[in-house]
file structure01.pdb (PDB, C-alpha atoms and all ligand atoms)
ATOM      1  CA  MET N   1     207.863 130.456  75.395  1.00  0.00           C
ATOM      2  CA  SER N   2     208.241 131.196  71.682  1.00  0.00           C
ATOM      3  CA  GLU N   3     209.615 134.436  70.319  1.00  0.00           C
ATOM      4  CA  HIS N   4     206.080 135.417  69.279  1.00  0.00           C
ATOM      5  CA  ASN N   5     204.810 135.956  72.818  1.00  0.00           C
ATOM      6  CA  CYS N   6     208.154 136.869  74.394  1.00  0.00           C
ATOM      7  CA  ILE N   7     208.174 140.239  76.177  1.00  0.00           C
ATOM      8  CA  PHE N   8     211.910 140.740  75.648  1.00  0.00           C
ATOM      9  CA  CYS N   9     211.575 140.107  71.873  1.00  0.00           C
ATOM     10  CA  LYS N  10     208.814 142.744  71.933  1.00  0.00           C
ATOM     11  CA  ILE N  11     211.143 145.136  73.773  1.00  0.00           C
ATOM     12  CA  VAL N  12     213.847 144.567  71.122  1.00  0.00           C
ATOM     13  CA  LYS N  13     211.293 145.349  68.376  1.00  0.00           C
ATOM     14  CA  GLY N  14     210.056 148.451  70.227  1.00  0.00           C
ATOM     15  CA  GLU N  15     206.565 146.966  70.674  1.00  0.00           C
ATOM     16  CA  ILE N  16     206.940 147.311  74.466  1.00  0.00           C
ATOM     17  CA  PRO N  17     208.672 150.496  75.693  1.00  0.00           C
ATOM     18  CA  SER N  18     211.929 150.266  77.613  1.00  0.00           C
ATOM     19  CA  ARG N  19     214.609 152.597  78.941  1.00  0.00           C
ATOM     20  CA  LYS N  20     217.344 151.671  76.472  1.00  0.00           C
ATOM     21  CA  ILE N  21     220.980 151.726  77.544  1.00  0.00           C
ATOM     22  CA  HIS N  22     222.637 150.144  74.507  1.00  0.00           C
ATOM     23  CA  GLU N  23     221.861 148.566  71.155  1.00  0.00           C
ATOM     24  CA  ASP N  24     224.062 146.962  68.529  1.00  0.00           C
ATOM     25  CA  ASP N  25     223.594 144.258  65.867  1.00  0.00           C
ATOM     26  CA  ASP N  26     223.533 141.423  68.411  1.00  0.00           C
ATOM     27  CA  PHE N  27     222.475 142.887  71.762  1.00  0.00           C
ATOM     28  CA  TYR N  28     220.014 145.183  73.484  1.00  0.00           C
ATOM     29  CA  ALA N  29     220.338 146.508  77.050  1.00  0.00           C
ATOM     30  CA  PHE N  30     217.773 148.346  79.162  1.00  0.00           C
ATOM     31  CA  HIS N  31     216.882 149.270  82.731  1.00  0.00           C
ATOM     32  CA  ASP N  32     214.963 146.640  84.724  1.00  0.00           C
ATOM     33  CA  ILE N  33     211.372 147.720  85.365  1.00  0.00           C
ATOM     34  CA  HIS N  34     211.550 146.598  89.033  1.00  0.00           C
ATOM     35  CA  PRO N  35     215.091 147.497  90.105  1.00  0.00           C
ATOM     36  CA  ALA N  36     216.527 145.374  92.899  1.00  0.00           C
ATOM     37  CA  ALA N  37     219.488 147.738  93.336  1.00  0.00           C
ATOM     38  CA  PRO N  38     220.223 151.434  92.612  1.00  0.00           C
ATOM     39  CA  VAL N  39     221.516 150.287  89.216  1.00  0.00           C
ATOM     40  CA  HIS N  40     219.709 147.322  87.668  1.00  0.00           C
ATOM     41  CA  ALA N  41     220.061 146.679  83.961  1.00  0.00           C
ATOM     42  CA  LEU N  42     219.433 143.714  81.695  1.00  0.00           C
ATOM     43  CA  VAL N  43     221.571 142.683  78.723  1.00  0.00           C
ATOM     44  CA  ILE N  44     219.920 140.425  76.168  1.00  0.00           C
ATOM     45  CA  PRO N  45     220.841 138.918  72.816  1.00  0.00           C
ATOM     46  CA  LYS N  46     218.479 140.149  70.100  1.00  0.00           C
ATOM     47  CA  ARG N  47     218.076 136.557  68.949  1.00  0.00           C
ATOM     48  CA  HIS N  48     215.498 134.662  71.003  1.00  0.00           C
ATOM     49  CA  ILE N  49     217.411 132.133  73.120  1.00  0.00           C
ATOM     50  CA  GLU N  50     215.187 130.804  75.899  1.00  0.00           C
ATOM     51  CA  THR N  51     217.754 130.099  78.560  1.00  0.00           C
ATOM     52  CA  LEU N  52     221.435 129.422  79.234  1.00  0.00           C
ATOM     53  CA  SER N  53     220.759 125.680  79.368  1.00  0.00           C
ATOM     54  CA  ALA N  54     219.685 125.814  75.701  1.00  0.00           C
ATOM     55  CA  CYS N  55     223.107 127.165  74.669  1.00  0.00           C
ATOM     56  CA  GLY N  56     225.751 125.051  73.023  1.00  0.00           C
ATOM     57  CA  ASP N  57     229.249 125.468  71.616  1.00  0.00           C
ATOM     58  CA  ALA N  58     227.897 127.456  68.669  1.00  0.00           C
ATOM     59  CA  ASP N  59     226.677 130.115  71.114  1.00  0.00           C
ATOM     60  CA  ALA N  60     230.044 130.533  72.835  1.00  0.00           C
ATOM     61  CA  PRO N  61     231.132 133.586  70.777  1.00  0.00           C
ATOM     62  CA  LEU N  62     227.813 135.331  71.492  1.00  0.00           C
ATOM     63  CA  LEU N  63     227.974 134.508  75.206  1.00  0.00           C
ATOM     64  CA  GLY N  64     231.556 135.742  75.392  1.00  0.00           C
ATOM     65  CA  LYS N  65     230.606 139.017  73.726  1.00  0.00           C
ATOM     66  CA  MET N  66     227.667 139.316  76.108  1.00  0.00           C
ATOM     67  CA  MET N  67     229.949 139.053  79.165  1.00  0.00           C
ATOM     68  CA  VAL N  68     232.368 141.661  77.835  1.00  0.00           C
ATOM     69  CA  LEU N  69     229.470 143.966  76.946  1.00  0.00           C
ATOM     70  CA  THR N  70     228.134 143.511  80.487  1.00  0.00           C
ATOM     71  CA  ALA N  71     231.434 144.824  81.878  1.00  0.00           C
ATOM     72  CA  ARG N  72     231.444 147.786  79.459  1.00  0.00           C
ATOM     73  CA  LEU N  73     227.855 148.703  80.324  1.00  0.00           C
ATOM     74  CA  ALA N  74     228.548 148.414  84.064  1.00  0.00           C
ATOM     75  CA  GLU N  75     231.333 150.925  83.428  1.00  0.00           C
ATOM     76  CA  GLN N  76     228.932 153.204  81.529  1.00  0.00           C
ATOM     77  CA  LEU N  77     226.491 152.942  84.448  1.00  0.00           C
ATOM     78  CA  GLY N  78     229.188 154.009  86.931  1.00  0.00           C
ATOM     79  CA  CYS N  79     229.648 150.591  88.548  1.00  0.00           C
ATOM     80  CA  ALA N  80     233.012 149.411  87.228  1.00  0.00           C
ATOM     81  CA  TYR N  81     235.537 148.039  89.676  1.00  0.00           C
ATOM     82  CA  THR N  82     238.893 149.648  89.004  1.00  0.00           C
ATOM     83  CA  GLY N  83     240.491 149.021  92.387  1.00  0.00           C
ATOM     84  CA  GLY N  84     238.454 151.729  94.138  1.00  0.00           C
ATOM     85  CA  GLU N  85     235.108 151.409  95.892  1.00  0.00           C
ATOM     86  CA  THR N  86     232.627 150.421  93.287  1.00  0.00           C
ATOM     87  CA  GLY N  87     231.693 147.074  91.730  1.00  0.00           C
ATOM     88  CA  PHE N  88     228.688 145.173  90.448  1.00  0.00           C
ATOM     89  CA  ARG N  89     227.053 141.794  90.346  1.00  0.00           C
ATOM     90  CA  THR N  90     226.061 140.034  87.151  1.00  0.00           C
ATOM     91  CA  ALA N  91     223.687 137.076  87.191  1.00  0.00           C
ATOM     92  CA  ILE N  92     221.950 134.782  84.736  1.00  0.00           C
ATOM     93  CA  ASN N  93     218.966 133.016  86.256  1.00  0.00           C
ATOM     94  CA  VAL N  94     218.287 129.641  84.646  1.00  0.00           C
ATOM     95  CA  GLY N  95     214.987 127.786  84.881  1.00  0.00           C
ATOM     96  CA  PRO N  96     212.391 127.688  87.675  1.00  0.00           C
ATOM     97  CA  ASN N  97     214.776 126.787  90.483  1.00  0.00           C
ATOM     98  CA  GLY N  98     217.251 129.344  89.165  1.00  0.00           C
ATOM     99  CA  GLY N  99     214.632 132.051  89.568  1.00  0.00           C
ATOM    100  CA  GLN N 100     214.175 132.694  85.831  1.00  0.00           C
ATOM    101  CA  GLU N 101     210.897 134.490  85.153  1.00  0.00           C
ATOM    102  CA  VAL N 102     211.407 135.672  81.582  1.00  0.00           C
ATOM    103  CA  TYR N 103     212.404 132.934  79.136  1.00  0.00           C
ATOM    104  CA  HIS N 104     214.645 135.015  76.894  1.00  0.00           C
ATOM    105  CA  LEU N 105     218.289 134.794  77.960  1.00  0.00           C
ATOM    106  CA  HIS N 106     219.395 137.849  79.925  1.00  0.00           C
ATOM    107  CA  ALA N 107     222.269 138.920  82.155  1.00  0.00           C
ATOM    108  CA  HIS N 108     221.418 141.139  85.103  1.00  0.00           C
ATOM    109  CA  ILE N 109     223.762 143.987  86.052  1.00  0.00           C
ATOM    110  CA  LEU N 110     223.267 145.095  89.662  1.00  0.00           C
ATOM    111  CA  GLY N 111     225.240 147.875  91.268  1.00  0.00           C
ATOM    112  CA  GLY N 112     225.281 150.982  93.396  1.00  0.00           C
ATOM    113  CA  PRO N 113     225.544 151.415  97.155  1.00  0.00           C
ATOM    114  CA  ARG N 114     224.323 148.497  99.282  1.00  0.00           C
ATOM    115  CA  PRO N 115     222.094 147.243 100.825  1.00  0.00           C
ATOM    116  CA  TRP N 116     220.023 146.104  97.853  1.00  0.00           C
ATOM    117  CA  SER N 117     216.416 145.019  98.155  1.00  0.00           C
ATOM    118  CA  ARG N 118     216.847 141.575  96.527  1.00  0.00           C
ATOM    119  CA  MET N 119     219.128 139.398  94.389  1.00  0.00           C
TER     120      MET N 119
HETATM  121  P1  LIG T 201     214.584 136.828  85.724  1.00  0.00           P
HETATM  122  O1  LIG T 201     213.895 136.562  87.031  1.00  0.00           O
HETATM  123  O2  LIG T 201     213.896 136.142  84.581  1.00  0.00           O
HETATM  124  O3  LIG T 201     216.058 136.561  85.777  1.00  0.00           O
HETATM  125  O4  LIG T 201     214.499 138.393  85.511  1.00  0.00           O
HETATM  126  C1  LIG T 201     213.528 139.019  84.734  1.00  0.00           C
HETATM  127  C2  LIG T 201     213.666 140.487  84.999  1.00  0.00           C
HETATM  128  O5  LIG T 201     212.948 141.175  84.003  1.00  0.00           O
HETATM  129  C3  LIG T 201     213.066 140.929  86.361  1.00  0.00           C
HETATM  130  O6  LIG T 201     214.076 141.575  87.116  1.00  0.00           O
HETATM  131  C4  LIG T 201     211.931 141.870  85.968  1.00  0.00           C
HETATM  132  O7  LIG T 201     211.802 142.972  86.826  1.00  0.00           O
HETATM  133  C5  LIG T 201     212.324 142.290  84.555  1.00  0.00           C
HETATM  134  N1  LIG T 201     211.185 142.592  83.693  1.00  0.00           N
HETATM  135  C6  LIG T 201     210.082 141.824  83.493  1.00  0.00           C
HETATM  136  N2  LIG T 201     209.254 142.400  82.604  1.00  0.00           N
HETATM  137  C7  LIG T 201     209.852 143.551  82.215  1.00  0.00           C
HETATM  138  C8  LIG T 201     209.471 144.588  81.296  1.00  0.00           C
HETATM  139  O8  LIG T 201     208.422 144.571  80.658  1.00  0.00           O
HETATM  140  N3  LIG T 201     210.332 145.641  81.173  1.00  0.00           N
HETATM  141  C9  LIG T 201     211.524 145.693  81.851  1.00  0.00           C
HETATM  142  N4  LIG T 201     212.295 146.768  81.648  1.00  0.00           N
HETATM  143  N5  LIG T 201     211.898 144.733  82.725  1.00  0.00           N
HETATM  144  C10 LIG T 201     211.086 143.677  82.893  1.00  0.00           C
HETATM  145 ZN    ZN T 202     212.488 136.480  73.118  1.00  0.00          ZN
END

call {"tool": "encode", "arguments": {"input": "structure01.pdb", "output": "structure tokens", "more": "lines below"}}
Ligand code: 5GP
Ligand code: ZN
result
Amino acid sequence: MSEHNCIFCKIVKGEIPSRKIHEDDDFYAFHDIHPAAPVHALVIPKRHIETLSACGDADAPLLGKMMVLTARLAEQLGCAYTGGETGFRTAINVGPNGGQEVYHLHAHILGGPRPWSRM
């Protein structure tokens, strides 16, 4: 999928509405439209990268920042693990057998009281 018909690129540009959680120069985060848990957010790079398997060494700084941002946003969403009860799951689905449906790299943040419906 090219960036021209990518729904997540359209979300970044505001062409498709989303419930925004965070935006900075490199990243955009928003609530998943079909939440699989009480908290379900997606963190994406603004740059169109199709999938984790397309990443190389040059992407390491961006991917590192994305992981740290994921932890900060989980905190903002009330899911941080600080030794007490709460916690979250982060996942990057890669390719058909990895369950990837949208081919613009994204990290899921899932949290809140279990059980969750999927993932
Ligand atoms: P994947 O299976 O590719 O890892 O996850 C794609 C996620 O994007 C799914 O959880 C799906 O619900 C979410 N999603 C797909 N289209 C949209 C959309 O237009 N808006 C939002 N907010 N989420 C979407
Ligand atoms: Zn895209």

call {"tool": "residues_near_ligand", "arguments": {"input": "structure01.pdb", "ligand": "ligand LIG 201 (chain T)", "cutoff": "9 Å", "atoms": "only C-alpha atoms and all ligand atoms", "output": "MDAnalysis selection string"}}
result
chainID N and resid 7:8 10:11 16:20 30:36 40:42 91:95 98:108

call {"tool": "closest_residue", "arguments": {"input": "structure01.pdb", "among": "N:Gly56, N:Lys46, N:Met67, N:Ala37", "to": "N:Leu110", "atoms": "all atoms listed in the file"}}
result
N:Ala37

call {"tool": "atom_distance", "arguments": {"input": "structure01.pdb", "atom1": "atom CA of N:His48", "atom2": "atom CA of N:Tyr28"}}
result
11.7 Å

call {"tool": "resolve_selection", "arguments": {"input": "structure01.pdb", "expression": "the PyMOL selection byres (((chain N and resi 73) around 10) and not hetatm)", "output": "list in words"}}
result
Ile21, His22, Ala29, Ala41, Leu42, Val43, Met67, Val68, Leu69, Thr70, Ala71, Arg72, Ala74, Glu75, Gln76, Leu77, Gly78, Cys79, Ala80 and Ile109 of chain N

call {"tool": "closest_residue", "arguments": {"input": "structure01.pdb", "among": "N:Met1, N:Ala58, N:Leu52, N:Met66", "to": "ligand ZN 202 (chain T)", "atoms": "only C-alpha atoms and all ligand atoms"}}
result
N:Met1

call {"tool": "axis_aligned_box", "arguments": {"input": "structure01.pdb", "around": "stretch 69-79 of chain N", "padding_each_side": "3 Å", "output": "JSON"}}
result
{"center_x": 229.0, "center_y": 148.8, "center_z": 82.7, "size_x": 11.0, "size_y": 16.5, "size_z": 17.6}

call {"tool": "resolve_selection", "arguments": {"input": "structure01.pdb", "expression": "the PyMOL selection byres (((chain N and resi 26) around 6) and not hetatm)", "output": "ChimeraX atom specification"}}
result
/N:24-25,27,45-46
